[in-house]
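Listing of model_38.cif, mmCIF, C-alpha atoms
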```cif
data_my_file
#
loop_
_atom_site.label_atom_id
_atom_site.label_comp_id
_atom_site.auth_asym_id
_atom_site.auth_seq_id
_atom_site.Cartn_x
_atom_site.Cartn_y
_atom_site.Cartn_z
CA MET A 69 -77.14 -39.16 46.33
CA SER A 70 -80.40 -38.25 44.66
CA LEU A 71 -80.91 -35.62 47.35
CA LEU A 72 -77.55 -34.05 46.55
CA ARG A 73 -78.45 -34.04 42.88
CA SER A 74 -81.70 -32.28 43.69
CA TYR A 75 -79.81 -29.64 45.66
CA PHE A 76 -77.41 -29.19 42.76
CA PHE A 77 -80.13 -28.71 40.17
CA THR A 78 -82.11 -26.42 42.42
CA GLY A 79 -79.01 -24.29 42.93
CA LEU A 80 -78.21 -24.31 39.24
CA ILE A 81 -81.68 -23.17 38.23
CA ALA A 82 -81.62 -20.45 40.87
CA LEU A 83 -78.18 -19.33 39.72
CA VAL A 84 -79.34 -19.03 36.10
CA LEU A 85 -82.42 -17.11 37.19
CA GLY A 86 -80.24 -14.87 39.33
CA ILE A 87 -77.83 -14.14 36.48
CA GLY A 88 -80.78 -13.26 34.26
CA LEU A 89 -82.15 -10.95 36.88
CA GLY A 90 -78.73 -9.39 37.42
CA LEU A 91 -78.30 -8.75 33.70
CA TYR A 92 -81.73 -7.14 33.56
CA LEU A 93 -80.87 -4.88 36.48
CA GLY A 94 -77.45 -3.96 35.09
CA TRP A 95 -78.40 -3.43 31.48
CA ILE A 96 -81.94 -2.14 31.62
CA GLN A 97 -83.12 -1.11 35.04
CA PHE A 98 -79.98 0.49 36.46
CA PRO A 99 -77.42 0.76 33.65
CA SER A 100 -74.07 2.29 34.55
CA GLU A 101 -73.76 5.99 33.77
CA TYR A 102 -72.11 6.21 30.38
CA SER A 103 -69.09 8.49 30.42
CA ASN A 104 -66.62 7.26 27.88
CA GLY A 105 -68.44 7.88 24.64
CA GLN A 106 -67.09 8.77 21.25
CA MET A 107 -68.14 11.58 19.00
CA CYS A 108 -69.84 9.12 16.64
CA GLN A 109 -72.15 8.05 19.48
CA LEU A 110 -73.40 11.57 20.05
CA GLU A 111 -77.08 12.19 19.67
CA TRP A 112 -77.90 13.22 16.13
CA SER A 113 -78.72 16.83 17.01
CA TYR A 114 -75.35 17.25 18.75
CA GLN A 115 -73.56 15.84 15.74
CA GLU A 116 -75.32 18.41 13.61
CA SER A 117 -74.38 21.20 16.04
CA TYR A 118 -70.78 20.03 16.03
CA THR A 119 -70.68 20.05 12.24
CA LEU A 120 -72.09 23.55 12.14
CA MET A 121 -69.51 24.76 14.66
CA ILE A 122 -66.68 23.29 12.60
CA ALA A 123 -68.13 24.91 9.48
CA ARG A 124 -68.03 28.25 11.26
CA GLY A 125 -64.44 27.57 12.25
CA TYR A 126 -63.67 26.91 8.61
CA ARG A 127 -65.10 30.30 7.67
CA GLN A 128 -62.59 31.80 10.09
CA ASP A 129 -59.39 29.98 9.20
CA ARG A 130 -60.13 28.53 5.73
CA ASN A 131 -58.12 25.48 6.72
CA LEU A 132 -59.88 22.65 4.92
CA ASN A 133 -57.58 19.91 6.15
CA LYS A 134 -58.16 21.03 9.71
CA ALA A 135 -61.92 21.06 9.19
CA LEU A 136 -61.74 17.54 7.80
CA GLU A 137 -59.58 16.45 10.72
CA ARG A 138 -62.04 17.95 13.18
CA LEU A 139 -65.03 16.26 11.55
CA ARG A 140 -63.40 12.88 11.21
CA PRO A 141 -64.36 11.66 14.73
CA LEU A 142 -68.00 11.73 13.59
CA ARG A 143 -67.36 8.78 11.31
CA ALA A 144 -69.38 5.80 12.46
CA VAL A 145 -68.69 3.21 9.82
CA GLY A 146 -66.22 0.60 10.97
CA VAL A 147 -65.77 2.21 14.38
CA THR A 148 -66.31 -0.10 17.33
CA GLY A 149 -69.20 1.08 19.44
CA CYS A 150 -70.71 3.17 16.67
CA GLU A 151 -72.71 0.55 14.84
CA ASN A 152 -75.87 2.56 15.28
CA GLU A 153 -79.02 2.28 13.27
CA ARG A 154 -79.56 5.74 11.88
CA PRO A 155 -81.06 6.96 8.65
CA TYR A 156 -77.63 8.25 7.66
CA ARG A 157 -74.42 6.72 8.91
CA ILE A 158 -71.48 9.06 8.60
CA ASP A 159 -68.57 7.64 6.67
CA ASN A 160 -67.45 10.03 3.97
CA ILE A 161 -67.06 13.46 5.58
CA PRO A 162 -67.59 15.62 2.46
CA ASP A 163 -70.63 13.50 1.69
CA TRP A 164 -71.91 14.10 5.22
CA VAL A 165 -71.42 17.86 4.92
CA GLN A 166 -73.34 17.86 1.65
CA TYR A 167 -76.13 15.71 3.12
CA PHE A 168 -76.46 17.83 6.25
CA THR A 169 -76.39 21.08 4.29
CA GLU A 170 -79.14 19.90 1.98
CA GLN A 171 -81.12 18.69 4.98
CA GLN A 172 -80.86 22.13 6.56
CA ILE A 173 -81.99 23.78 3.36
CA SER A 174 -84.91 21.37 3.11
CA ARG A 175 -85.89 22.03 6.71
CA GLY A 176 -85.79 25.76 6.14
CA ALA A 177 -83.13 26.31 8.77
CA ASP A 178 -81.62 29.68 9.63
CA PRO A 179 -80.13 31.05 6.37
CA GLN A 180 -76.97 32.14 8.17
CA GLU A 181 -76.41 28.60 9.39
CA ILE A 182 -77.00 27.32 5.89
CA ARG A 183 -74.51 29.82 4.48
CA ASP A 184 -71.88 28.63 6.98
CA LEU A 185 -72.45 25.05 5.87
CA VAL A 186 -72.56 25.87 2.18
CA VAL A 187 -69.12 27.49 2.38
CA LEU A 188 -67.71 24.27 3.80
CA ALA A 189 -69.60 22.11 1.31
CA ASP A 190 -68.24 24.26 -1.48
CA ALA A 191 -64.72 23.85 -0.14
CA PHE A 192 -65.22 20.09 -0.28
CA ASP A 193 -66.35 20.56 -3.90
CA ARG A 194 -69.83 19.45 -2.92
CA LEU A 195 -71.75 22.49 -4.06
CA THR A 196 -75.10 21.37 -5.47
CA PRO A 197 -77.63 23.55 -7.30
CA ILE A 198 -79.82 23.86 -4.23
CA MET A 199 -76.91 25.39 -2.31
CA GLU A 200 -75.83 27.94 -4.87
CA GLY A 201 -78.29 30.55 -3.73
CA PHE A 202 -76.70 30.55 -0.27
CA LEU A 203 -73.16 30.97 -1.40
CA SER A 204 -73.16 34.73 -1.35
CA GLU A 205 -74.04 36.97 1.55
CA PRO A 206 -77.44 38.71 1.21
CA MET B 9 -88.36 -43.12 79.85
CA SER B 10 -86.13 -44.93 77.42
CA ASP B 11 -88.24 -43.60 74.51
CA ASP B 12 -87.37 -40.01 75.45
CA LEU B 13 -83.68 -40.68 75.11
CA ILE B 14 -83.89 -41.90 71.54
CA TYR B 15 -83.52 -39.10 68.96
CA GLU B 16 -86.17 -39.24 66.33
CA PRO B 17 -86.19 -36.39 63.80
CA LYS B 18 -89.77 -35.37 63.50
CA ASN B 19 -89.63 -32.75 60.72
CA THR B 20 -87.34 -34.28 58.12
CA GLY B 21 -89.49 -32.96 55.29
CA SER B 22 -89.48 -29.34 56.47
CA LEU B 23 -85.74 -29.43 57.14
CA ARG B 24 -85.18 -30.62 53.65
CA ALA B 25 -87.42 -27.87 52.28
CA LEU B 26 -85.51 -25.33 54.30
CA THR B 27 -82.22 -26.56 52.90
CA PHE B 28 -83.60 -26.43 49.38
CA GLY B 29 -84.80 -22.89 49.96
CA LEU B 30 -81.44 -21.85 51.36
CA VAL B 31 -79.55 -23.33 48.42
CA ALA B 32 -81.93 -21.69 45.97
CA LEU B 33 -81.70 -18.32 47.71
CA LEU B 34 -77.91 -18.35 47.87
CA ALA B 35 -77.64 -19.38 44.22
CA LEU B 36 -80.14 -16.71 43.21
CA LEU B 37 -78.28 -13.99 45.08
CA GLY B 38 -74.97 -15.18 43.66
CA GLY B 39 -76.48 -15.12 40.18
CA ILE B 40 -77.81 -11.60 40.63
CA VAL B 41 -74.41 -10.37 41.77
CA LEU B 42 -72.64 -12.10 38.89
CA GLY B 43 -75.16 -10.84 36.33
CA ALA B 44 -75.09 -7.28 37.60
CA LEU B 45 -71.29 -7.19 37.71
CA TYR B 46 -71.10 -8.43 34.15
CA ALA B 47 -73.75 -6.00 32.94
CA ARG B 48 -72.29 -2.93 34.62
CA ASP B 49 -68.54 -3.52 34.57
CA VAL B 50 -67.59 -6.17 32.04
CA SER B 51 -70.02 -5.42 29.26
CA PRO B 52 -71.93 -2.24 30.01
CA VAL B 53 -74.60 -0.94 27.69
CA VAL B 54 -73.16 0.93 24.70
CA GLU B 55 -75.35 3.94 24.30
CA GLN B 56 -75.86 5.35 20.85
CA ASN B 57 -77.41 8.71 21.59
CA ILE B 58 -75.16 10.25 24.17
CA ARG B 59 -74.86 13.85 25.31
CA PRO B 60 -71.64 15.89 25.23
CA ASP B 61 -71.14 15.32 28.97
CA GLN B 62 -70.89 11.60 28.27
CA LEU B 63 -68.02 11.96 25.83
CA ARG B 64 -64.58 10.72 26.70
CA GLU B 65 -62.05 13.41 27.58
CA ALA B 66 -60.34 13.80 24.19
CA ASP B 67 -63.64 14.03 22.32
CA GLN B 68 -64.96 16.44 24.91
CA GLN B 69 -61.95 18.67 24.27
CA ASP B 70 -62.66 18.54 20.54
CA TYR B 71 -66.26 19.48 21.21
CA ILE B 72 -65.22 22.41 23.39
CA LEU B 73 -62.76 23.62 20.76
CA ALA B 74 -65.60 23.53 18.25
CA ILE B 75 -67.61 25.71 20.62
CA ALA B 76 -64.67 28.12 20.68
CA LEU B 77 -64.64 28.24 16.87
CA ASP B 78 -68.35 28.92 16.92
CA TYR B 79 -67.85 31.74 19.42
CA ALA B 80 -65.11 33.28 17.29
CA GLN B 81 -67.51 33.66 14.42
CA GLN B 82 -70.77 34.30 16.22
CA GLN B 83 -69.52 36.34 19.19
CA ASP B 84 -72.61 35.16 21.03
CA LEU B 85 -71.60 34.59 24.63
CA ASP B 86 -75.05 33.41 25.72
CA ARG B 87 -75.06 30.70 23.11
CA THR B 88 -71.49 29.75 24.01
CA TYR B 89 -72.42 29.60 27.70
CA ASP B 90 -75.30 27.24 26.97
CA LEU B 91 -73.18 25.04 24.73
CA LEU B 92 -70.45 24.77 27.36
CA ALA B 93 -73.01 24.01 30.05
CA GLU B 94 -74.07 20.96 28.06
CA VAL B 95 -70.55 19.61 28.30
CA ASP B 96 -70.70 19.50 32.08
CA PRO B 97 -73.93 20.80 33.60
CA ARG B 98 -72.47 20.69 37.14
CA ARG B 99 -69.64 23.16 36.54
CA ASP B 100 -69.22 26.80 35.64
CA PRO B 101 -69.04 26.90 31.82
CA PHE B 102 -66.27 29.49 31.82
CA GLN B 103 -64.22 27.35 34.18
CA ILE B 104 -64.75 24.43 31.80
CA ALA B 105 -63.28 26.55 29.01
CA ALA B 106 -60.28 27.51 31.14
CA ASP B 107 -59.60 23.97 32.30
CA THR B 108 -59.90 22.66 28.77
CA ALA B 109 -57.42 25.21 27.46
CA CYS B 110 -54.92 24.07 30.09
CA SER B 111 -55.58 20.38 29.42
CA ILE B 112 -55.00 20.85 25.72
CA VAL B 113 -51.76 22.74 26.30
CA ARG B 114 -50.51 20.19 28.82
CA ALA B 115 -51.36 17.31 26.51
CA GLY B 116 -49.27 18.87 23.75
CA ARG B 117 -52.22 18.84 21.37
CA ILE B 118 -51.27 22.15 19.82
CA GLN B 119 -49.37 21.39 16.66
CA THR B 120 -50.45 23.88 14.03
CA SER B 121 -51.33 27.52 13.74
CA ALA B 122 -54.98 26.48 13.41
CA ASP B 123 -54.71 24.81 16.82
CA ILE B 124 -53.23 27.98 18.26
CA ASP B 125 -56.08 29.96 16.78
CA ALA B 126 -58.63 27.64 18.33
CA VAL B 127 -57.04 27.90 21.77
CA ARG B 128 -56.98 31.68 21.48
CA HIS B 129 -60.68 31.64 20.69
CA LEU B 130 -61.19 29.42 23.71
CA ILE B 131 -59.26 31.83 25.93
CA SER B 132 -61.31 34.73 24.62
CA ILE B 133 -64.41 33.06 26.07
CA PHE B 134 -63.24 33.23 29.68
CA GLU B 135 -60.45 35.81 29.82
CA PHE B 136 -62.68 38.63 31.00
CA GLN B 137 -64.83 36.53 33.30
CA PRO B 138 -64.43 36.92 37.04
CA ASP B 139 -63.74 33.98 39.32
CA VAL B 140 -62.19 31.84 36.64
CA GLU B 141 -59.07 30.09 37.83
CA VAL B 142 -56.47 29.28 35.22
CA SER B 143 -54.21 26.47 36.33
CA CYS B 144 -51.54 26.90 33.69
CA ASP B 145 -49.56 29.59 31.93
CA LEU B 146 -51.49 30.73 28.87
CA ASN B 147 -49.51 33.93 28.38
CA VAL B 148 -47.82 32.43 25.37
CA PHE B 149 -51.12 32.83 23.54
CA ALA B 150 -51.63 36.41 24.65
CA THR B 151 -49.96 37.95 21.67
CA SER B 152 -51.09 40.33 19.05
CA ILE B 153 -49.32 38.39 16.34
CA PRO B 154 -51.81 36.60 14.15
CA PRO B 155 -50.95 32.93 14.07
CA THR B 156 -50.24 33.00 10.40
CA ILE B 157 -46.96 33.29 8.64
CA ILE B 158 -45.65 36.81 8.93
CA THR B 159 -45.66 38.42 5.54
CA PRO B 160 -43.43 41.43 5.04
CA THR B 161 -44.99 44.65 3.90
CA PRO B 162 -44.73 45.35 0.18
CA SER B 163 -42.12 48.05 0.76
CA VAL B 164 -39.59 45.52 1.91
CA THR B 165 -37.67 43.84 -0.82
CA VAL B 166 -37.43 40.18 -0.13
CA PRO B 167 -36.93 37.35 -2.53
CA PRO B 168 -40.10 35.85 -3.90
CA SER B 169 -41.27 32.73 -2.16
CA PRO B 170 -38.25 30.60 -1.37
CA THR B 171 -37.42 27.88 -3.79
CA PRO B 172 -38.57 24.48 -2.66
CA VAL B 173 -35.08 23.27 -2.01
CA ALA B 174 -33.04 25.98 -0.42
CA THR B 175 -29.36 26.19 -1.11
CA LYS B 176 -26.96 25.28 1.60
CA THR B 177 -25.72 28.81 1.61
CA PRO B 178 -27.58 30.67 4.31
CA THR B 179 -29.75 33.39 2.96
CA PRO B 180 -28.74 36.91 3.96
CA GLN B 181 -30.26 38.17 7.13
CA PRO B 182 -33.32 40.25 6.26
CA ILE B 183 -32.49 42.79 8.90
CA ASP B 184 -34.88 45.32 7.53
CA LEU B 185 -37.78 43.03 8.23
CA THR B 186 -37.65 43.38 11.98
CA PRO B 187 -39.52 46.66 12.25
CA GLN B 188 -42.23 45.23 10.04
CA VAL B 189 -43.06 42.43 12.44
CA PRO B 190 -46.13 43.23 14.50
CA THR B 191 -45.35 44.19 18.04
CA VAL B 192 -45.18 41.30 20.45
CA GLU B 193 -46.19 42.16 23.99
CA ARG B 194 -44.10 39.71 25.88
CA PRO B 195 -41.73 39.96 28.80
CA THR B 196 -38.95 38.19 27.00
CA PRO B 197 -36.80 40.17 24.60
CA GLN B 198 -37.79 39.91 20.97
CA THR B 199 -35.61 42.51 19.38
CA GLY B 200 -32.54 40.59 18.28
CA GLU B 201 -32.13 38.47 15.24
CA PHE B 202 -31.47 34.80 15.69
CA GLU B 203 -28.78 32.55 14.38
CA VAL B 204 -28.68 28.82 14.00
CA LEU B 205 -26.12 28.14 16.71
CA GLN B 206 -26.10 24.40 16.52
CA THR B 207 -27.64 21.56 14.57
CA SER B 208 -26.99 18.05 15.82
CA GLN B 209 -28.45 14.69 15.05
CA PHE B 210 -29.30 11.69 17.17
CA CYS B 211 -30.91 8.30 16.81
CA ASN B 212 -33.52 7.26 19.37
CA PRO B 213 -36.16 4.57 18.69
CA ASN B 214 -38.42 6.25 21.24
CA ASN B 215 -38.10 9.61 19.55
CA SER B 216 -37.92 8.76 15.88
CA GLY B 217 -37.78 11.42 13.19
CA VAL B 218 -38.26 14.44 15.42
CA ILE B 219 -36.80 17.91 15.04
CA GLU B 220 -36.36 19.37 18.51
CA ILE B 221 -36.04 23.11 18.36
CA ARG B 222 -34.90 25.41 21.13
CA VAL B 223 -34.71 29.18 21.04
CA ARG B 224 -32.66 30.98 23.66
CA GLU B 225 -31.26 34.34 24.52
CA ALA B 226 -27.54 34.86 23.97
CA ASN B 227 -26.72 36.84 27.10
CA THR B 228 -28.62 34.96 29.75
CA GLY B 229 -29.13 31.62 28.10
CA ASN B 230 -32.81 31.85 29.01
CA GLU B 231 -35.14 30.11 26.66
CA ILE B 232 -37.65 32.30 24.84
CA SER B 233 -41.27 31.31 24.52
CA GLY B 234 -43.72 32.36 21.85
CA VAL B 235 -41.21 32.54 19.02
CA GLN B 236 -42.68 31.62 15.67
CA VAL B 237 -40.81 28.77 14.01
CA MET B 238 -41.34 27.47 10.50
CA VAL B 239 -40.45 24.07 9.09
CA PHE B 240 -40.70 23.62 5.35
CA TRP B 241 -40.19 20.73 3.03
CA ASN B 242 -40.90 19.55 -0.49
CA THR B 243 -43.36 16.97 -1.62
CA SER B 244 -44.66 15.90 -4.98
CA ARG B 245 -47.30 18.62 -4.57
CA GLY B 246 -44.68 21.28 -4.10
CA ARG B 247 -43.41 23.14 -1.10
CA GLU B 248 -45.23 22.65 2.19
CA GLU B 249 -44.65 24.33 5.49
CA GLN B 250 -45.84 24.36 9.04
CA VAL B 251 -45.66 27.21 11.48
CA PHE B 252 -45.73 26.77 15.24
CA TYR B 253 -44.49 28.45 18.39
CA THR B 254 -42.01 27.69 21.11
CA GLY B 255 -43.25 27.19 24.64
CA LEU B 256 -46.32 25.13 23.85
CA LYS B 257 -44.84 22.18 25.70
CA PRO B 258 -43.79 23.93 28.89
CA ASN B 259 -42.62 20.71 30.48
CA ARG B 260 -39.88 20.53 27.82
CA GLY B 261 -38.79 24.14 28.26
CA GLU B 262 -39.98 27.66 27.57
CA GLY B 263 -38.13 27.85 24.27
CA TYR B 264 -38.88 24.33 23.11
CA ALA B 265 -40.87 23.21 20.11
CA ASP B 266 -40.76 20.07 18.06
CA PHE B 267 -41.86 18.72 14.73
CA THR B 268 -42.30 15.15 13.52
CA MET B 269 -40.86 14.37 10.11
CA SER B 270 -42.10 11.88 7.54
CA ALA B 271 -39.69 9.31 6.20
CA GLY B 272 -37.84 10.16 3.04
CA LEU B 273 -38.45 13.91 3.09
CA ILE B 274 -35.97 16.70 3.60
CA TYR B 275 -36.77 19.54 5.96
CA GLN B 276 -35.37 22.93 6.84
CA VAL B 277 -36.13 25.07 9.85
CA THR B 278 -36.17 28.82 10.21
CA ILE B 279 -37.54 31.60 12.35
CA PRO B 280 -39.41 33.40 9.58
CA GLY B 281 -37.83 36.71 8.72
CA ARG B 282 -35.61 36.66 11.78
CA SER B 283 -33.02 33.99 11.20
CA ASP B 284 -31.25 32.12 8.50
CA THR B 285 -32.26 28.61 7.58
CA THR B 286 -30.81 25.37 8.84
CA ASP B 287 -29.08 22.90 6.60
CA ARG B 288 -31.19 20.20 5.05
CA LEU B 289 -32.43 17.76 7.68
CA GLU B 290 -33.07 14.41 6.11
CA ALA B 291 -35.61 11.99 7.56
CA VAL B 292 -33.64 8.84 6.84
CA PRO B 293 -33.26 5.63 8.84
CA CYS B 294 -30.43 5.65 11.35
CA ASP B 295 -30.57 2.05 12.56
CA ALA B 296 -31.55 -1.40 11.37
CA ASP B 297 -35.00 -1.10 12.94
CA GLY B 298 -35.96 1.76 10.68
CA THR B 299 -35.76 4.46 13.33
CA LEU B 300 -35.61 7.83 11.63
CA ARG B 301 -32.79 10.19 12.39
CA SER B 302 -33.76 13.02 14.70
CA TYR B 303 -32.29 16.48 15.01
CA GLN B 304 -31.74 19.14 17.63
CA VAL B 305 -31.67 22.70 16.36
CA LEU B 306 -30.63 25.56 18.62
CA PHE B 307 -31.45 29.14 17.69
CA GLN B 308 -29.83 31.90 19.69
CA SER B 309 -30.45 35.62 19.65
CA GLN B 310 -27.48 37.56 18.32
#
```

Represent the structure of the file as structure tokens.
Amino acid sequence: MSLLRSYFFTGLIALVLGIGLGLYLGWIQFPSEYSNGQMCQLEWSYQESYTLMIARGYRQDRNLNKALERLRPLRAVGVTGCENERPYRIDNIPDWVQYFTEQQISRGADPQEIRDLVVLADAFDRLTPIMEGFLSEP
Amino acid sequence: MSDDLIYEPKNTGSLRALTFGLVALLALLGGIVLGALYARDVSPVVEQNIRPDQLREADQQDYILAIALDYAQQQDLDRTYDLLAEVDPRRDPFQIAADTACSIVRAGRIQTSADIDAVRHLISIFEFQPDVEVSCDLNVFATSIPPTIITPTPSVTVPPSPTPVATKTPTPQPIDLTPQVPTVERPTPQTGEFEVLQTSQFCNPNNSGVIEIRVREANTGNEISGVQVMVFWNTSRGREEQVFYTGLKPNRGEGYADFTMSAGLIYQVTIPGRSDTTDRLEAVPCDADGTLRSYQVLFQSQ
């Protein structure tokens, strides 16, 4: 009986070790290729590119509701799978456009890109003094 | 002699060790399999810094449409090529654009004139590229009509913007408007005016509050794609309207288009400048479950 118990505990310990090893392999060493991501999980630089592209679309069609609708998937707050730790978590879209535009100005980004963003920020009534100089074409 | 016949296990200790080892090995392997299955299939790692090629299909389509918007303004094909390549590095970027255009059309994701615009921009990326295979009919987008509401030229006398609630009396046919409409290069006839041939209502819980519109030719009965249809209604903010085109859901018919109503509002449908207006279509419940009444509107060329 004590022999059987020894077998059982040996097996149990090995099983636990094996599960731990399997989790390590599956989560860290060989994680499955991720292919079902959401826009809010995109790398920061891609989210910025996406926002810029939508801003350029807005300059074409001047459809503010559509621009808002297109940017909405970037929202990370309260979205399952998007609880990321980033310096800025996108929730309020106009606020995000303002933040990103000011970031671009601070970074000294391409003035044309800034102008595209400022037009959208202005449409969201988020024109701040730092943006005003970019509102008109040179 | 008799001693040889008696079985005496000599290595009891090593046999026991072997059994222990076997049990441990089997349990370890089983654990690894269980752990790996859980980690990869049941609860895979949620990545937080993914690339566009790791997006799910709908978000990838949105991303590609954004690239099309960018192209429309920048007209920079190299940049567009690079952006599309990031969406799927293994495929031809122009083919990605073509396949996405078809996927969006098939999925019925085109609801507004802004959507039509975006798809046109997407088509403009690949339309002149060789070796791009288009697996659907995108001719409906190949029109010179801008996807905005057609506005008559100033020389034409038309009533100022229609009153929010139109009268039940059909407005006179603005026959003179026809020549003012930009030319549509389309195989189907576009010359005749249209009349509201039939308006019927139905109640279907699976199709609640929908206006199904069909436009067809009088002589042949063939449905006509690419006809601009306008639905307008009143809200507390004033008159609102939406313009869309027939044929964007080819599986429902070449001349088919639909519009989803909101409860409590009253809608009217017209082919701007080319037909009279339907009666008021009320989005009211038609059964005890709160299903909204739906309508079928048939326009026919005269």

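Candidate residues A:Thr196, A:Ser103, A:Thr148, A:Gln115 were compared for distance to chain B, and the nearest is A:Ser103, using all atoms listed in the file.
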
TODO: Report as a PyMOL selection string the full result of the PyMOL selection byres ((chain B) within 9 of (chain A)) when it is applied to this structure.
DONE: chain B and resi 27-29+31-49+51-68+70-71+74-82+122-123+125-126

Open item on the list: I'd like the contact shell of range 104-119 of chain B - 8 Å cut-off, only C-alpha atoms, skipping same-chain residues fewer than 5 positions apart - returned as number ranges by chain.
Closed with: B: 69, 72, 92, 96, 99, 124, 127, 130-131, 133-134, 140-146, 252, 256-258

Residues from the last selection, C-alpha atoms, saved as a short mmCIF file (atom, residue, chain, number, x, y, z; two decimals), in the coordinates of the input:
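Written file, selection26.cif:
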```cif
data_model
loop_
_atom_site.label_atom_id
_atom_site.label_comp_id
_atom_site.auth_asym_id
_atom_site.auth_seq_id
_atom_site.Cartn_x
_atom_site.Cartn_y
_atom_site.Cartn_z
CA GLN B 69 -61.95 18.67 24.27
CA ILE B 72 -65.22 22.41 23.39
CA LEU B 92 -70.45 24.77 27.36
CA ASP B 96 -70.70 19.50 32.08
CA ARG B 99 -69.64 23.16 36.54
CA ILE B 124 -53.23 27.98 18.26
CA VAL B 127 -57.04 27.90 21.77
CA LEU B 130 -61.19 29.42 23.71
CA ILE B 131 -59.26 31.83 25.93
CA ILE B 133 -64.41 33.06 26.07
CA PHE B 134 -63.24 33.23 29.68
CA VAL B 140 -62.19 31.84 36.64
CA GLU B 141 -59.07 30.09 37.83
CA VAL B 142 -56.47 29.28 35.22
CA SER B 143 -54.21 26.47 36.33
CA CYS B 144 -51.54 26.90 33.69
CA ASP B 145 -49.56 29.59 31.93
CA LEU B 146 -51.49 30.73 28.87
CA PHE B 252 -45.73 26.77 15.24
CA LEU B 256 -46.32 25.13 23.85
CA LYS B 257 -44.84 22.18 25.70
CA PRO B 258 -43.79 23.93 28.89
#
```

Check which residues satisfy the PyMOL selection byres ((chain B and resi 238) around 12) in the file shown, then give them as a short mmCIF file (atom, residue, chain, number, x, y, z; two decimals) with C-alpha atoms, keeping the file's coordinate frame.
```cif
data_model
loop_
_atom_site.label_atom_id
_atom_site.label_comp_id
_atom_site.auth_asym_id
_atom_site.auth_seq_id
_atom_site.Cartn_x
_atom_site.Cartn_y
_atom_site.Cartn_z
CA GLN B 119 -49.37 21.39 16.66
CA THR B 120 -50.45 23.88 14.03
CA SER B 121 -51.33 27.52 13.74
CA PRO B 155 -50.95 32.93 14.07
CA THR B 156 -50.24 33.00 10.40
CA ILE B 157 -46.96 33.29 8.64
CA ILE B 158 -45.65 36.81 8.93
CA ILE B 219 -36.80 17.91 15.04
CA ILE B 221 -36.04 23.11 18.36
CA VAL B 235 -41.21 32.54 19.02
CA GLN B 236 -42.68 31.62 15.67
CA VAL B 237 -40.81 28.77 14.01
CA VAL B 239 -40.45 24.07 9.09
CA PHE B 240 -40.70 23.62 5.35
CA TRP B 241 -40.19 20.73 3.03
CA GLU B 248 -45.23 22.65 2.19
CA GLU B 249 -44.65 24.33 5.49
CA GLN B 250 -45.84 24.36 9.04
CA VAL B 251 -45.66 27.21 11.48
CA PHE B 252 -45.73 26.77 15.24
CA TYR B 253 -44.49 28.45 18.39
CA THR B 254 -42.01 27.69 21.11
CA ALA B 265 -40.87 23.21 20.11
CA ASP B 266 -40.76 20.07 18.06
CA PHE B 267 -41.86 18.72 14.73
CA TYR B 275 -36.77 19.54 5.96
CA GLN B 276 -35.37 22.93 6.84
CA VAL B 277 -36.13 25.07 9.85
CA THR B 278 -36.17 28.82 10.21
CA ILE B 279 -37.54 31.60 12.35
CA PRO B 280 -39.41 33.40 9.58
CA GLY B 281 -37.83 36.71 8.72
CA ARG B 282 -35.61 36.66 11.78
CA SER B 283 -33.02 33.99 11.20
CA ASP B 284 -31.25 32.12 8.50
CA THR B 285 -32.26 28.61 7.58
CA THR B 286 -30.81 25.37 8.84
#
```

Task: Resolved residues for the PyMOL selection byres ((chain A and resi 170) around 10) as a list in words - done: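 So the PyMOL selection byres ((chain A and resi 170) around 10) ends up selecting Trp164, Val165, Gln166, Tyr167, Phe168, Thr169, Gln171, Gln172, Ile173, Ser174, Arg175, Gly176, Ile182, Leu185, Val186, Ala189, Leu195, Thr196, Ile198 and Met199 of chain A.
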
Task: Distance of CA of Leu273 in chain B from CA of Val223 in chain B, expressed in Å to one decimal place - done: 23.9 Å

Open item on the list: Just to confirm, what's the straight-line distance from CA of Asn215 in chain B to CA of Met269 in chain B in Å (one decimal)?
Closed with: 10.9 Å

- [ ] Would you work out the distance separating CA of Glu220 in chain B from CA of Tyr264 in chain B, expressed in Å to one decimal?
- [x]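 If I compute the distance from CA of Glu220 in chain B to CA of Tyr264 in chain B, I get 7.2 Å.
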
Open item on the list: Set the distance at 8 Å and use all atoms listed in the file: which residues neighbour Leu300 in chain B once local chain neighbours fewer than 6 positions away are removed? I'd like the list as a PyMOL selection string.
Closed with: chain B and resi 211+213+216-217+271+291-294

Task: Pick from B:Leu289, B:Ala25, B:Ile274, B:Val305 nearest to Ser208 in chain B, counting only C-alpha atoms - done: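 That would be B:Val305, the residue with the smallest distance to Ser208 in chain B.
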